[in-house]
file data-v6.txt (compact mmCIF, C-alpha atoms)
# COMPACT_ATOMS: atom_id res chain seq x y z
CA MET A 127 31.35 225.59 2.98
CA VAL A 128 32.71 227.42 -0.07
CA LEU A 129 31.05 224.77 -2.21
CA LEU A 130 27.67 226.32 -1.60
CA VAL A 131 28.80 229.64 -3.07
CA LEU A 132 30.53 228.23 -6.11
CA LEU A 133 27.64 226.10 -7.32
CA SER A 134 25.44 229.15 -7.51
CA ASN A 135 27.93 231.35 -9.33
CA THR A 136 27.64 232.28 -12.99
CA GLY A 137 31.22 232.92 -14.01
CA VAL A 138 34.86 232.30 -13.28
CA VAL A 139 35.61 233.32 -9.72
CA GLY A 140 38.77 233.99 -7.78
CA GLY A 141 39.63 235.41 -4.39
CA ALA A 142 38.25 234.74 -0.93
CA ALA A 143 34.67 233.71 -0.24
CA ASP A 144 32.84 235.33 2.63
CA ALA A 145 32.18 232.57 5.17
CA GLY A 146 29.47 234.71 6.73
CA ALA A 147 27.68 234.91 3.40
CA VAL A 148 27.81 231.13 3.11
CA ALA A 149 26.33 230.77 6.58
CA GLY A 150 23.64 233.18 5.41
CA LEU A 151 22.86 230.90 2.46
CA LEU A 152 22.35 227.98 4.81
CA GLU A 153 20.07 230.10 7.00
CA ASN A 154 18.13 231.16 3.90
CA LEU A 155 17.78 227.52 2.87
CA SER A 156 16.40 226.61 6.29
CA ALA A 157 14.06 229.62 6.28
CA GLU A 158 12.85 228.75 2.77
CA LYS A 159 12.03 225.17 3.82
CA LYS A 160 10.08 226.47 6.85
CA ARG A 161 8.22 229.01 4.71
CA ARG A 162 7.20 226.36 2.21
CA ALA A 163 6.01 224.09 5.02
CA VAL A 164 3.88 226.93 6.45
CA ASN A 165 2.42 227.65 3.00
CA GLU A 166 1.64 223.99 2.50
CA ARG A 167 -0.23 223.84 5.81
CA GLN A 168 -2.08 227.03 4.89
CA ARG A 169 -3.10 225.65 1.51
CA SER A 170 -4.36 222.43 3.11
CA ARG A 171 -6.37 224.38 5.69
CA LEU A 172 -7.86 226.69 3.03
CA ALA A 173 -8.75 223.75 0.81
CA GLU A 174 -10.51 222.03 3.72
CA GLN A 175 -12.44 225.22 4.54
CA THR A 176 -13.41 225.62 0.88
CA ARG A 177 -14.73 222.04 0.70
CA ALA A 178 -16.77 222.63 3.86
CA LEU A 179 -18.26 225.83 2.40
CA GLU A 180 -19.13 224.12 -0.87
CA ALA A 181 -20.93 221.38 1.07
CA GLU A 182 -22.81 224.06 3.04
CA ILE A 183 -23.77 225.78 -0.21
CA ARG A 184 -25.22 222.54 -1.57
CA ASN A 185 -27.13 221.82 1.64
CA THR A 186 -28.44 225.38 1.87
CA ALA A 187 -29.61 225.37 -1.73
CA ALA A 188 -31.47 222.10 -1.19
CA SER A 189 -33.18 222.86 2.12
CA HIS A 190 -33.63 226.61 2.71
CA PRO A 191 -37.39 227.48 2.85
CA ASP A 192 -37.17 231.25 2.14
CA PRO A 193 -36.10 232.05 -1.49
CA ALA A 194 -34.99 235.63 -0.71
CA ALA A 195 -33.02 234.63 2.36
CA LEU A 196 -31.65 231.67 0.40
CA GLN A 197 -30.17 233.90 -2.30
CA GLN A 198 -28.62 236.20 0.28
CA ARG A 199 -27.08 233.31 2.20
CA LEU A 200 -25.80 231.63 -0.97
CA GLY A 201 -24.22 234.90 -2.06
CA GLU A 202 -22.42 235.21 1.29
CA LEU A 203 -21.17 231.63 1.17
CA ARG A 204 -19.99 231.87 -2.43
CA ALA A 205 -18.13 235.13 -1.76
CA LYS A 206 -16.38 233.55 1.21
CA ALA A 207 -15.48 230.47 -0.85
CA GLY A 208 -14.06 232.74 -3.56
CA GLN A 209 -11.89 234.52 -1.00
CA LEU A 210 -10.54 231.20 0.25
CA ARG A 211 -9.70 230.09 -3.30
CA SER A 212 -7.86 233.37 -3.92
CA GLN A 213 -5.86 232.96 -0.72
CA ALA A 214 -4.94 229.38 -1.64
CA GLY A 215 -3.91 230.48 -5.13
CA ALA A 216 -1.70 233.25 -3.74
CA ALA A 217 0.06 230.80 -1.42
CA ALA A 218 0.61 228.37 -4.30
CA ARG A 219 2.06 231.08 -6.56
CA GLN A 220 4.68 231.94 -3.92
CA ASP A 221 6.13 228.43 -4.25
CA ALA A 222 5.72 228.01 -8.02
CA PRO A 223 8.70 228.50 -10.40
CA ALA A 224 8.59 231.62 -12.55
CA GLN A 225 6.74 231.29 -15.86
CA GLY A 226 8.99 229.73 -18.46
CA ALA A 227 11.49 228.48 -15.88
CA THR A 228 13.37 225.31 -16.73
CA ASP A 229 14.86 222.69 -14.41
CA GLU A 230 18.21 224.50 -14.56
CA ASP A 231 16.51 227.64 -13.15
CA ILE A 232 15.06 225.89 -10.06
CA LYS A 233 17.24 226.97 -7.15
CA VAL A 234 17.14 227.45 -3.41
CA GLY A 235 19.25 230.40 -2.26
CA GLY A 236 20.68 230.59 -5.80
CA ILE A 237 21.91 226.97 -5.73
CA PRO A 238 20.67 224.45 -8.38
CA VAL A 239 18.81 221.60 -6.68
CA ASP A 240 17.16 219.93 -9.67
CA SER A 241 18.58 216.42 -9.20
CA ASP A 242 16.47 213.56 -7.83
CA HIS A 243 19.47 211.27 -7.28
CA ILE A 244 23.09 211.95 -6.32
CA ILE A 245 26.25 209.84 -6.66
CA PHE A 246 29.51 210.70 -4.90
CA ILE A 247 32.75 209.30 -6.32
CA VAL A 248 35.49 209.86 -3.76
CA ASP A 249 39.24 209.34 -4.14
CA THR A 250 40.30 207.25 -1.11
CA SER A 251 44.05 207.42 -1.75
CA GLY A 252 46.59 208.22 0.95
CA SER A 253 46.83 211.89 0.04
CA MET A 254 43.07 212.30 0.36
CA GLN A 255 43.08 210.34 3.63
CA SER A 256 45.45 212.97 5.01
CA ILE A 257 42.64 215.54 4.73
CA TRP A 258 39.78 213.08 5.25
CA PRO A 259 37.79 215.13 7.82
CA ARG A 260 37.68 217.99 5.33
CA VAL A 261 36.56 215.66 2.55
CA ILE A 262 33.69 214.43 4.74
CA ASP A 263 32.74 218.01 5.59
CA GLU A 264 32.50 218.97 1.91
CA LEU A 265 30.47 215.85 1.10
CA GLU A 266 28.07 216.79 3.88
CA ASN A 267 27.86 220.31 2.43
CA VAL A 268 26.76 218.91 -0.93
CA LEU A 269 24.11 216.81 0.79
CA ASP A 270 22.91 219.92 2.61
CA ILE A 271 22.21 221.79 -0.62
CA HIS A 272 20.04 218.84 -1.71
CA PRO A 273 17.73 218.72 1.31
CA GLN A 274 15.62 215.88 -0.11
CA VAL A 275 16.39 213.48 -2.97
CA LYS A 276 14.94 210.12 -3.94
CA GLY A 277 18.22 208.32 -3.31
CA PHE A 278 21.97 208.69 -3.22
CA GLN A 279 25.08 206.52 -3.53
CA ILE A 280 28.74 206.71 -2.53
CA MET A 281 31.61 204.82 -4.17
CA ASN A 282 35.33 205.40 -4.43
CA ASP A 283 37.34 206.26 -7.53
CA ASN A 284 37.86 202.57 -8.30
CA GLY A 285 34.12 201.87 -8.16
CA ALA A 286 34.00 200.20 -4.72
CA TYR A 287 30.81 200.96 -2.80
CA LEU A 288 30.95 202.49 0.67
CA ILE A 289 28.00 200.31 1.75
CA LYS A 290 28.19 197.00 -0.10
CA SER A 291 24.62 195.99 0.71
CA TYR A 292 23.42 198.87 -1.49
CA ALA A 293 25.63 198.01 -4.46
CA GLY A 294 23.72 198.75 -7.66
CA LYS A 295 20.85 200.23 -5.65
CA TRP A 296 20.04 203.59 -4.08
CA ILE A 297 20.60 204.46 -0.44
CA PRO A 298 17.26 205.84 0.81
CA ASP A 299 17.45 209.53 1.66
CA THR A 300 16.48 209.84 5.31
CA PRO A 301 18.13 211.81 8.13
CA GLY A 302 19.15 208.52 9.72
CA ARG A 303 20.75 207.21 6.53
CA ARG A 304 22.65 210.43 5.96
CA LYS A 305 24.02 210.29 9.49
CA ALA A 306 24.96 206.61 9.13
CA VAL A 307 26.73 207.20 5.81
CA LEU A 308 28.79 210.09 7.18
CA SER A 309 29.74 207.90 10.14
CA ALA A 310 30.79 205.05 7.83
CA MET A 311 32.87 207.50 5.80
CA ARG A 312 35.12 208.20 8.81
CA SER A 313 36.58 204.69 8.76
CA TRP A 314 36.53 204.08 4.98
CA ARG A 315 39.90 202.96 3.62
CA GLY A 316 39.15 201.64 0.12
CA PHE A 317 41.94 200.85 -2.35
CA SER A 318 42.54 203.71 -4.78
CA ASN A 319 44.70 204.36 -7.82
CA SER A 320 44.02 208.14 -7.75
CA SER A 321 41.98 208.07 -10.94
CA PRO A 322 38.21 208.69 -10.99
CA VAL A 323 37.75 206.95 -14.33
CA GLU A 324 36.74 203.48 -13.10
CA GLY A 325 34.26 204.84 -10.59
CA LEU A 326 32.71 207.26 -13.05
CA GLN A 327 32.32 204.61 -15.74
CA LYS A 328 30.70 202.23 -13.24
CA ALA A 329 28.32 204.94 -12.02
CA LEU A 330 27.24 205.84 -15.56
CA LYS A 331 26.82 202.22 -16.68
CA THR A 332 24.87 201.26 -13.57
CA TYR A 333 22.68 204.28 -12.95
CA ALA A 334 22.60 206.87 -15.76
CA LYS A 335 20.23 205.13 -18.17
CA ARG A 336 17.61 204.44 -15.51
CA THR A 337 17.75 207.75 -13.65
CA ALA A 338 16.06 210.85 -15.05
CA LYS A 339 17.71 213.57 -12.96
CA LEU A 340 21.14 212.50 -11.78
CA ALA A 341 24.07 214.50 -10.40
CA ILE A 342 27.53 212.98 -9.94
CA TYR A 343 30.09 214.68 -7.69
CA ILE A 344 33.71 213.55 -8.09
CA PHE A 345 36.03 214.34 -5.16
CA GLY A 346 39.77 214.08 -5.79
CA ASP A 347 43.21 215.67 -5.73
CA ASP A 348 45.06 213.88 -8.53
CA TYR A 349 44.67 211.95 -11.77
CA SER A 350 47.18 209.16 -12.38
CA GLY A 351 46.00 208.19 -15.87
CA SER A 352 48.02 208.80 -19.02
CA SER A 353 45.30 210.11 -21.35
CA TYR A 354 42.61 212.75 -21.15
CA ASP A 355 41.01 212.34 -24.56
CA SER A 356 40.14 208.67 -24.15
CA VAL A 357 38.46 209.41 -20.82
CA LEU A 358 36.49 212.32 -22.22
CA ASP A 359 35.33 210.28 -25.21
CA THR A 360 34.29 207.34 -23.04
CA VAL A 361 32.38 209.52 -20.57
CA SER A 362 30.63 211.38 -23.38
CA GLU A 363 29.56 208.08 -24.93
CA LEU A 364 28.29 206.57 -21.67
CA ASN A 365 26.50 209.74 -20.57
CA ARG A 366 24.83 210.69 -23.84
CA ASP A 367 21.06 210.36 -24.19
CA ARG A 368 20.59 208.69 -27.58
CA ARG A 369 17.29 210.46 -28.19
CA THR A 370 18.33 214.03 -27.40
CA GLY A 371 22.12 213.91 -27.70
CA ARG A 372 22.38 215.69 -24.33
CA PRO A 373 24.24 214.38 -21.27
CA ARG A 374 22.03 212.31 -18.97
CA ALA A 375 23.79 213.24 -15.73
CA ARG A 376 25.35 216.44 -14.46
CA ILE A 377 28.99 215.71 -13.56
CA HIS A 378 30.72 218.02 -11.09
CA GLY A 379 34.38 217.92 -10.08
CA ILE A 380 35.54 218.94 -6.60
CA GLY A 381 39.34 219.36 -6.51
CA PHE A 382 41.22 219.40 -3.20
CA GLN A 383 44.42 221.38 -3.54
CA GLN A 384 47.27 219.69 -1.64
CA GLN A 385 50.18 221.89 -2.68
CA SER A 386 50.62 225.51 -3.68
CA GLY A 387 49.24 226.32 -7.10
CA VAL A 388 46.15 225.00 -8.82
CA ALA A 389 45.35 221.27 -8.46
CA GLY A 390 46.99 220.00 -11.66
CA ARG A 391 46.04 216.88 -13.61
CA PHE A 392 42.80 216.27 -11.75
CA ALA A 393 41.74 219.86 -12.46
CA THR A 394 42.68 219.56 -16.13
CA LEU A 395 40.58 216.42 -16.54
CA MET A 396 37.59 217.37 -14.40
CA ARG A 397 37.28 220.90 -15.74
CA GLU A 398 36.64 219.47 -19.21
CA VAL A 399 34.47 216.59 -17.97
CA ALA A 400 32.28 219.09 -16.11
CA ARG A 401 32.11 221.47 -19.07
CA ARG A 402 30.93 218.72 -21.40
CA ASN A 403 28.42 217.26 -18.94
CA ARG A 404 26.44 220.25 -17.63
CA GLY A 405 28.47 220.41 -14.44
CA ALA A 406 30.89 222.67 -12.60
CA PHE A 407 34.53 222.20 -11.63
CA ILE A 408 35.52 223.62 -8.26
CA ALA A 409 39.08 223.70 -6.89
CA LEU A 410 39.16 224.24 -3.13
CA GLY A 411 42.00 226.29 -1.70
CA LEU A 412 44.91 224.86 0.25
CA LYS A 413 43.63 224.03 3.75
CA GLN A 414 41.46 227.14 3.84
CA ARG A 415 37.93 226.16 2.90
CA SER A 416 37.04 229.78 2.25
CA THR A 417 39.59 230.28 -0.54
CA ILE A 418 38.33 229.93 -4.10
CA VAL A 419 41.14 228.87 -6.41
CA GLU A 420 39.08 228.30 -9.53
CA ALA A 421 35.51 227.68 -10.60
CA SER A 422 34.08 227.20 -14.07
CA ARG A 423 30.38 227.10 -14.82
CA PRO A 424 28.73 224.41 -16.95
CA ASN A 425 28.31 224.47 -20.69
CA ARG A 426 24.55 224.86 -21.11
CA ASN A 427 24.41 223.34 -24.60
call {"tool": "encode", "arguments": {"input": "data-v6.txt", "output": "structure tokens"}}
result
Amino acid sequence: MVLLVLLSNTGVVGGAADAGAVAGLLENLSAEKKRRAVNERQRSRLAEQTRALEAEIRNTAASHPDPAALQQRLGELRAKAGQLRSQAGAAARQDAPAQGATDEDIKVGGIPVDSDHIIFIVDTSGSMQSIWPRVIDELENVLDIHPQVKGFQIMNDNGAYLIKSYAGKWIPDTPGRRKAVLSAMRSWRGFSNSSPVEGLQKALKTYAKRTAKLAIYIFGDDYSGSSYDSVLDTVSELNRDRRTGRPRARIHGIGFQQQSGVAGRFATLMREVARRNRGAFIALGLKQRSTIVEASRPNRN
């Protein structure tokens, strides 16, 4: 659950996260969704009432026999219609982003949720399998902070898809699909070389160019490759928008600490990948999900 806190933070953080505060964020997220649904129903009802009043105004203007009474009645109807429009506008303003807000400012409970599509790249090596229930929990947490996306995908660090029938496609985002994917994760035993490079390259080549708002979350505990610079250069090339020069996808790294001390080579690689690609690197504490070992915020350039 610490993941929810870290993604909304604005600086380097250390120490223990308050699990109660995280639970509060989830409650706020649920309350915000309910509030928006109520506002949407209110706006629809007000719009329907306004249309009915406008129709009554037209009918009254066309058929009322007494000019004086007509003007009085029209004034009453128009005042009521104006009140309804004001109420609808107030409800709409409650849900609208602040003036001048950008996509990076759009948050729920302080957590960025600006991505339409999500890809998870998960290390399926033996060391990660030893903490597999925790890995699944954290993946579910990330899904929870994106309550509705257009599609998502899950592959391992070697680029093998969790659900082969959706290879190269998007898994539809429905409650049933989310539940089915988490169930399939429990028995997933894909071959892994403890390096996210192949999976990340495959994700970028397959999806980045054709997806406007994409977030990639890389879950791992180690990096077995020999070079950092070649990986960074390749990722920067694959993820760069030729028109703007900016990264196409946000790339986040989620490091699972297996031994005392900071998760080493994986952290070194993913911290820099995240910094260069508008993402965040998060190292989760040893066994205790509420311990923040390290978090670095994205480079906003």
call {"tool": "closest_residue", "arguments": {"input": "data-v6.txt", "among": "A:Arg161, A:Lys328, A:Arg372, A:His378", "to": "A:Gly294", "atoms": "all atoms listed in the file"}}
result
A:Lys328
call {"tool": "closest_residue", "arguments": {"input": "data-v6.txt", "among": "A:Ala329, A:Val357, A:Ser256, A:Leu364", "to": "A:Glu398", "atoms": "all atoms listed in the file"}}
result
A:Val357
call {"tool": "closest_residue", "arguments": {"input": "data-v6.txt", "among": "A:Lys331, A:Arg401, A:Gln197, A:Asn284", "to": "A:Thr360", "atoms": "only C-alpha atoms"}}
result
A:Lys331
call {"tool": "atom_distance", "arguments": {"input": "data-v6.txt", "atom1": "atom CA of A:Ser291", "atom2": "atom CA of A:Lys335"}}
result
21.4 Å
call {"tool": "atom_distance", "arguments": {"input": "data-v6.txt", "atom1": "atom CA of A:Pro298", "atom2": "atom CA of A:Val164"}}
result
25.6 Å
call {"tool": "atom_distance", "arguments": {"input": "data-v6.txt", "atom1": "atom CA of A:Asn165", "atom2": "atom CA of A:Lys276"}}
result
22.6 Å
call {"tool": "residues_around", "arguments": {"input": "data-v6.txt", "residues": "A:Gln279", "least_positions_apart": "6", "cutoff": "10 Å", "atoms": "all atoms listed in the file", "output": "PyMOL selection string"}}
result
chain A and resi 243-247+287-289+292-299+307+329+333+342
call {"tool": "closest_residue", "arguments": {"input": "data-v6.txt", "among": "A:Ala341, A:Ala286, A:Ala188, A:Ile380", "to": "A:Arg404", "atoms": "only C-alpha atoms"}}
result
A:Ala341
call {"tool": "residues_around", "arguments": {"input": "data-v6.txt", "residues": "A:Thr300", "least_positions_apart": "6", "cutoff": "12 Å", "atoms": "all atoms listed in the file", "output": "number ranges by chain"}}
result
A: 269, 272-278, 306-307
call {"tool": "residues_around", "arguments": {"input": "data-v6.txt", "residues": "A:Ile183", "least_positions_apart": "4", "cutoff": "10 Å", "atoms": "only C-alpha atoms", "output": "list in words"}}
result
Arg177, Ala178, Leu179, Ala187, Ala188, Leu196, Arg199, Leu200, Gly201, Glu202, Leu203, Arg204 and Ala207 of chain A
call {"tool": "write_last_selection", "arguments": {"input": "data-v6.txt", "atoms": "C-alpha atoms", "output": "compact mmCIF listing (two decimals), keeping the file's coordinate frame"}}
result
# COMPACT_ATOMS: atom_id res chain seq x y z
CA ARG A 177 -14.73 222.04 0.70
CA ALA A 178 -16.77 222.63 3.86
CA LEU A 179 -18.26 225.83 2.40
CA ALA A 187 -29.61 225.37 -1.73
CA ALA A 188 -31.47 222.10 -1.19
CA LEU A 196 -31.65 231.67 0.40
CA ARG A 199 -27.08 233.31 2.20
CA LEU A 200 -25.80 231.63 -0.97
CA GLY A 201 -24.22 234.90 -2.06
CA GLU A 202 -22.42 235.21 1.29
CA LEU A 203 -21.17 231.63 1.17
CA ARG A 204 -19.99 231.87 -2.43
CA ALA A 207 -15.48 230.47 -0.85
call {"tool": "closest_residue", "arguments": {"input": "data-v6.txt", "among": "A:Asp249, A:Asp348, A:Asp367, A:Asp355", "to": "A:Leu326", "atoms": "all atoms listed in the file"}}
result
A:Asp249
call {"tool": "residues_around", "arguments": {"input": "data-v6.txt", "residues": "A:Leu358", "least_positions_apart": "4", "cutoff": "7 Å", "atoms": "only C-alpha atoms", "output": "mmCIF file with C-alpha atoms, keeping the file's coordinate frame"}}
result
data_model
loop_
_atom_site.group_PDB
_atom_site.id
_atom_site.type_symbol
_atom_site.label_atom_id
_atom_site.label_comp_id
_atom_site.auth_asym_id
_atom_site.auth_seq_id
_atom_site.Cartn_x
_atom_site.Cartn_y
_atom_site.Cartn_z
ATOM 1 C CA TYR A 354 42.610 212.750 -21.150
ATOM 2 C CA SER A 362 30.630 211.380 -23.380
ATOM 3 C CA VAL A 399 34.470 216.590 -17.970
#
call {"tool": "axis_aligned_box", "arguments": {"input": "data-v6.txt", "around": "stretch 333-349 of chain A", "padding_each_side": "6 Å", "output": "JSON"}}
result
{"center_x": 30.6, "center_y": 210.0, "center_z": -11.7, "size_x": 41.0, "size_y": 23.4, "size_z": 25.0}
call {"tool": "closest_residue", "arguments": {"input": "data-v6.txt", "among": "A:Ala338, A:Ile408, A:Ile377, A:Ala393", "to": "A:Asp242", "atoms": "all atoms listed in the file"}}
result
A:Ala338
call {"tool": "decode", "arguments": {"input": "data-v6.txt", "residues": "stretch 243-271 of chain A", "atoms": "N, CA and C atoms", "output": "mmCIF file, in the first residue's frame"}}
result
data_model
loop_
_atom_site.group_PDB
_atom_site.id
_atom_site.type_symbol
_atom_site.label_atom_id
_atom_site.label_comp_id
_atom_site.auth_asym_id
_atom_site.auth_seq_id
_atom_site.Cartn_x
_atom_site.Cartn_y
_atom_site.Cartn_z
ATOM 1 N N HIS A 243 -3.639 4.155 -20.684
ATOM 2 C CA HIS A 243 -3.228 2.761 -20.819
ATOM 3 C C HIS A 243 -2.061 2.484 -19.872
ATOM 4 N N ILE A 244 -1.995 1.257 -19.370
ATOM 5 C CA ILE A 244 -0.961 0.866 -18.416
ATOM 6 C C ILE A 244 -0.343 -0.456 -18.853
ATOM 7 N N ILE A 245 0.975 -0.540 -18.756
ATOM 8 C CA ILE A 245 1.686 -1.805 -18.992
ATOM 9 C C ILE A 245 2.490 -2.143 -17.737
ATOM 10 N N PHE A 246 2.365 -3.382 -17.282
ATOM 11 C CA PHE A 246 3.180 -3.885 -16.181
ATOM 12 C C PHE A 246 4.236 -4.828 -16.753
ATOM 13 N N ILE A 247 5.487 -4.606 -16.382
ATOM 14 C CA ILE A 247 6.580 -5.505 -16.741
ATOM 15 C C ILE A 247 7.107 -6.088 -15.429
ATOM 16 N N VAL A 248 6.920 -7.389 -15.240
ATOM 17 C CA VAL A 248 7.156 -8.008 -13.945
ATOM 18 C C VAL A 248 8.252 -9.063 -14.039
ATOM 19 N N ASP A 249 9.266 -8.924 -13.230
ATOM 20 C CA ASP A 249 10.328 -9.932 -13.097
ATOM 21 C C ASP A 249 9.719 -11.198 -12.503
ATOM 22 N N THR A 250 9.831 -12.324 -13.230
ATOM 23 C CA THR A 250 9.254 -13.593 -12.752
ATOM 24 C C THR A 250 10.336 -14.568 -12.312
ATOM 25 N N SER A 251 11.501 -14.051 -11.936
ATOM 26 C CA SER A 251 12.601 -14.917 -11.508
ATOM 27 C C SER A 251 12.290 -15.572 -10.168
ATOM 28 N N GLY A 252 13.146 -16.514 -9.773
ATOM 29 C CA GLY A 252 12.935 -17.251 -8.541
ATOM 30 C C GLY A 252 12.882 -16.368 -7.313
ATOM 31 N N SER A 253 13.741 -15.352 -7.259
ATOM 32 C CA SER A 253 13.747 -14.480 -6.084
ATOM 33 C C SER A 253 12.446 -13.698 -5.966
ATOM 34 N N MET A 254 11.891 -13.283 -7.092
ATOM 35 C CA MET A 254 10.608 -12.586 -7.052
ATOM 36 C C MET A 254 9.474 -13.567 -6.725
ATOM 37 N N GLN A 255 9.593 -14.798 -7.209
ATOM 38 C CA GLN A 255 8.561 -15.795 -6.891
ATOM 39 C C GLN A 255 8.490 -16.057 -5.394
ATOM 40 N N SER A 256 9.597 -15.855 -4.697
ATOM 41 C CA SER A 256 9.610 -16.089 -3.255
ATOM 42 C C SER A 256 8.771 -15.074 -2.499
ATOM 43 N N ILE A 257 8.478 -13.944 -3.112
ATOM 44 C CA ILE A 257 7.616 -12.930 -2.497
ATOM 45 C C ILE A 257 6.417 -12.644 -3.400
ATOM 46 N N TRP A 258 6.016 -13.619 -4.184
ATOM 47 C CA TRP A 258 5.011 -13.421 -5.231
ATOM 48 C C TRP A 258 3.690 -12.850 -4.716
ATOM 49 N N PRO A 259 3.145 -13.299 -3.589
ATOM 50 C CA PRO A 259 1.889 -12.687 -3.109
ATOM 51 C C PRO A 259 2.017 -11.183 -2.900
ATOM 52 N N ARG A 260 3.178 -10.750 -2.414
ATOM 53 C CA ARG A 260 3.389 -9.319 -2.211
ATOM 54 C C ARG A 260 3.460 -8.582 -3.546
ATOM 55 N N VAL A 261 4.105 -9.196 -4.525
ATOM 56 C CA VAL A 261 4.195 -8.595 -5.859
ATOM 57 C C VAL A 261 2.788 -8.387 -6.426
ATOM 58 N N ILE A 262 1.939 -9.399 -6.289
ATOM 59 C CA ILE A 262 0.566 -9.302 -6.795
ATOM 60 C C ILE A 262 -0.191 -8.203 -6.057
ATOM 61 N N ASP A 263 0.011 -8.117 -4.748
ATOM 62 C CA ASP A 263 -0.653 -7.068 -3.971
ATOM 63 C C ASP A 263 -0.279 -5.679 -4.480
ATOM 64 N N GLU A 264 1.014 -5.468 -4.746
ATOM 65 C CA GLU A 264 1.454 -4.142 -5.195
ATOM 66 C C GLU A 264 0.946 -3.841 -6.605
ATOM 67 N N LEU A 265 0.862 -4.865 -7.462
ATOM 68 C CA LEU A 265 0.306 -4.661 -8.792
ATOM 69 C C LEU A 265 -1.163 -4.259 -8.690
ATOM 70 N N GLU A 266 -1.875 -4.916 -7.787
ATOM 71 C CA GLU A 266 -3.278 -4.563 -7.579
ATOM 72 C C GLU A 266 -3.409 -3.131 -7.056
ATOM 73 N N ASN A 267 -2.471 -2.713 -6.198
ATOM 74 C CA ASN A 267 -2.488 -1.343 -5.687
ATOM 75 C C ASN A 267 -2.358 -0.326 -6.817
ATOM 76 N N VAL A 268 -1.472 -0.614 -7.769
ATOM 77 C CA VAL A 268 -1.304 0.304 -8.898
ATOM 78 C C VAL A 268 -2.588 0.373 -9.723
ATOM 79 N N LEU A 269 -3.208 -0.787 -9.939
ATOM 80 C CA LEU A 269 -4.481 -0.778 -10.660
ATOM 81 C C LEU A 269 -5.523 0.051 -9.917
ATOM 82 N N ASP A 270 -5.512 -0.028 -8.599
ATOM 83 C CA ASP A 270 -6.499 0.695 -7.802
ATOM 84 C C ASP A 270 -6.381 2.203 -7.955
ATOM 85 N N ILE A 271 -5.156 2.720 -8.145
ATOM 86 C CA ILE A 271 -5.020 4.165 -8.283
ATOM 87 C C ILE A 271 -5.324 4.634 -9.704
#
